[in-house]
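Colleague: Quick one: structure below, then a few questions.
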Amino acid sequence: LNLLTASSFRATADLAGLEAGLHQVPVEVECSDRSVSIVAQNPPAISLTLEQEETKEIPVQVNIMDKDNMPIGYTYRTPTVQPSFVNVVGPKSLVDEVTQATVSVWLQGSKSTVERKLSPRLLNAEGRTVEGLTPDPPTVTVQVPIEQELGFRDVTIRANITGTPASGYWISNL
């Protein structure tokens, strides 16, 4: 008995020919040591649910997270996503829950086009993440064009300071 380990045993369940639904499937146990006889096993069968695999194509939506914090005189244009759709593959019950794929982009005060590789989040109708599924492809490339608005221009200003501050004062943050 001291020579036996968990890897000395193999348990199998034959799922061939089973349709989608709830099933009780007998478990067959074998031991690699031929001198061992299996007289009982627990459990003798397992309960499992089989589901049909489904594939669904979902468009990727872009959420700009900090659109109200653009630098003065700059604006962003409509983002592009490559690829613009992702495939969701998995159990029908989970795939049916997915209503949208989203990526969130932070512009962080950028003054030029922002490009990011991001992983889409798969969401249900309430906006909650659907766990257990992975989009295909797992990442998309998002480009957000940022342009300077007409009538605006970046300029450098240099202050010429004359005189000296009164005693107890100094110049800072110029």
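Chain labels A, B, ... are given in the sequence in which chains occur in the structure tokens; within each chain residues are numbered consecutively from 1, and ligands are likewise numbered from 1 in the order shown.
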Compile the contact shell of segment 41-53 of chain A as number ranges by chain: residues with an atom at most 6 Å away, counting only C-alpha atoms, same-chain residues fewer than 2 positions apart removed.
Modeller: A: 20-27, 90-92
Colleague: Take the residues from that selection and write them out as an mmCIF file, in the first residue's frame, keeping all heavy atoms.
Modeller:
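For reference, selection-v3.cif as written:
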data_model
loop_
_atom_site.group_PDB
_atom_site.id
_atom_site.type_symbol
_atom_site.label_atom_id
_atom_site.label_comp_id
_atom_site.auth_asym_id
_atom_site.auth_seq_id
_atom_site.Cartn_x
_atom_site.Cartn_y
_atom_site.Cartn_z
ATOM 1 N N ALA A 20 -27.175 17.105 -24.915
ATOM 2 C CA ALA A 20 -27.176 18.182 -23.927
ATOM 3 C C ALA A 20 -28.210 17.873 -22.850
ATOM 4 O O ALA A 20 -29.273 17.323 -23.127
ATOM 5 C CB ALA A 20 -27.489 19.515 -24.602
ATOM 6 N N GLY A 21 -27.885 18.209 -21.596
ATOM 7 C CA GLY A 21 -28.804 17.977 -20.485
ATOM 8 C C GLY A 21 -28.089 17.404 -19.274
ATOM 9 O O GLY A 21 -26.872 17.273 -19.245
ATOM 10 N N LEU A 22 -28.870 17.034 -18.245
ATOM 11 C CA LEU A 22 -28.357 16.485 -16.996
ATOM 12 C C LEU A 22 -28.228 14.972 -17.128
ATOM 13 O O LEU A 22 -29.140 14.306 -17.623
ATOM 14 C CB LEU A 22 -29.309 16.834 -15.842
ATOM 15 C CG LEU A 22 -28.916 16.368 -14.455
ATOM 16 C CD1 LEU A 22 -27.600 17.018 -14.028
ATOM 17 C CD2 LEU A 22 -30.008 16.714 -13.460
ATOM 18 N N HIS A 23 -27.080 14.440 -16.676
ATOM 19 C CA HIS A 23 -26.814 12.998 -16.807
ATOM 20 C C HIS A 23 -26.163 12.448 -15.547
ATOM 21 O O HIS A 23 -25.420 13.149 -14.873
ATOM 22 C CB HIS A 23 -25.871 12.732 -17.994
ATOM 23 C CG HIS A 23 -26.398 13.184 -19.301
ATOM 24 N ND1 HIS A 23 -27.277 12.455 -20.043
ATOM 25 C CD2 HIS A 23 -26.173 14.335 -19.997
ATOM 26 C CE1 HIS A 23 -27.571 13.106 -21.146
ATOM 27 N NE2 HIS A 23 -26.922 14.261 -21.137
ATOM 28 N N GLN A 24 -26.424 11.172 -15.235
ATOM 29 C CA GLN A 24 -25.712 10.377 -14.235
ATOM 30 C C GLN A 24 -24.824 9.445 -15.034
ATOM 31 O O GLN A 24 -25.307 8.616 -15.795
ATOM 32 C CB GLN A 24 -26.678 9.533 -13.400
ATOM 33 C CG GLN A 24 -27.376 10.234 -12.255
ATOM 34 C CD GLN A 24 -26.425 10.563 -11.128
ATOM 35 O OE1 GLN A 24 -26.164 11.725 -10.929
ATOM 36 N NE2 GLN A 24 -25.918 9.600 -10.410
ATOM 37 N N VAL A 25 -23.511 9.564 -14.870
ATOM 38 C CA VAL A 25 -22.576 8.779 -15.674
ATOM 39 C C VAL A 25 -21.744 7.907 -14.740
ATOM 40 O O VAL A 25 -21.150 8.411 -13.780
ATOM 41 C CB VAL A 25 -21.650 9.712 -16.491
ATOM 42 C CG1 VAL A 25 -20.690 8.907 -17.342
ATOM 43 C CG2 VAL A 25 -22.469 10.656 -17.358
ATOM 44 N N PRO A 26 -21.695 6.580 -15.001
ATOM 45 C CA PRO A 26 -20.874 5.704 -14.157
ATOM 46 C C PRO A 26 -19.390 6.016 -14.316
ATOM 47 O O PRO A 26 -18.933 6.408 -15.385
ATOM 48 C CB PRO A 26 -21.182 4.290 -14.670
ATOM 49 C CG PRO A 26 -21.874 4.461 -15.967
ATOM 50 C CD PRO A 26 -22.386 5.862 -16.059
ATOM 51 N N VAL A 27 -18.653 5.834 -13.215
ATOM 52 C CA VAL A 27 -17.213 6.076 -13.206
ATOM 53 C C VAL A 27 -16.503 4.729 -13.176
ATOM 54 O O VAL A 27 -16.839 3.863 -12.372
ATOM 55 C CB VAL A 27 -16.799 6.929 -11.975
ATOM 56 C CG1 VAL A 27 -15.286 7.094 -11.925
ATOM 57 C CG2 VAL A 27 -17.496 8.269 -12.001
ATOM 58 N N GLY A 90 -18.332 29.213 -26.239
ATOM 59 C CA GLY A 90 -18.452 28.545 -24.949
ATOM 60 C C GLY A 90 -19.812 27.914 -24.779
ATOM 61 O O GLY A 90 -20.573 27.760 -25.740
ATOM 62 N N PRO A 91 -20.141 27.558 -23.528
ATOM 63 C CA PRO A 91 -21.443 26.949 -23.248
ATOM 64 C C PRO A 91 -22.567 27.910 -23.630
ATOM 65 O O PRO A 91 -22.493 29.117 -23.375
ATOM 66 C CB PRO A 91 -21.426 26.712 -21.738
ATOM 67 C CG PRO A 91 -20.002 26.825 -21.332
ATOM 68 C CD PRO A 91 -19.328 27.691 -22.325
ATOM 69 N N LYS A 92 -23.612 27.374 -24.238
ATOM 70 C CA LYS A 92 -24.724 28.182 -24.734
ATOM 71 C C LYS A 92 -25.303 29.098 -23.665
ATOM 72 O O LYS A 92 -25.593 30.266 -23.925
ATOM 73 C CB LYS A 92 -25.812 27.270 -25.305
ATOM 74 C CG LYS A 92 -26.992 28.020 -25.897
ATOM 75 C CD LYS A 92 -27.965 27.076 -26.553
ATOM 76 C CE LYS A 92 -29.187 27.705 -27.140
ATOM 77 N NZ LYS A 92 -29.329 29.106 -27.219
#
Colleague: Within 9 Å of Leu123 of chain A, counting only C-alpha atoms, which residues show up once you throw out same-chain ones fewer than 3 positions away? Write them as a list in words, please.
Modeller: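 Those residues are Glu97, Val98, Thr99, Gln100, Ala101, Thr102, Glu126, Gly127, Arg128, Thr129, Val130 and Glu131 of chain A.
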Colleague: Would you return as a ChimeraX atom specification the members of chain A that DSSP assigns to strand (DSSP E or B) on this structure's backbone?
Modeller: /A:9-12,21-26,28-31,45-50,53-64,74-76,80-82,85-91,100-105,114-118,121-123,129,135-136,140-144,146-148
Colleague: Neighbouring residues of segment 143-146 of chain A were defined as those with any atom within 6 Å, considering only C-alpha atoms; residues of the same chain fewer than 4 positions away were excluded. Please report them as number ranges by chain.
Modeller: A: 75-77, 79-80, 112-115
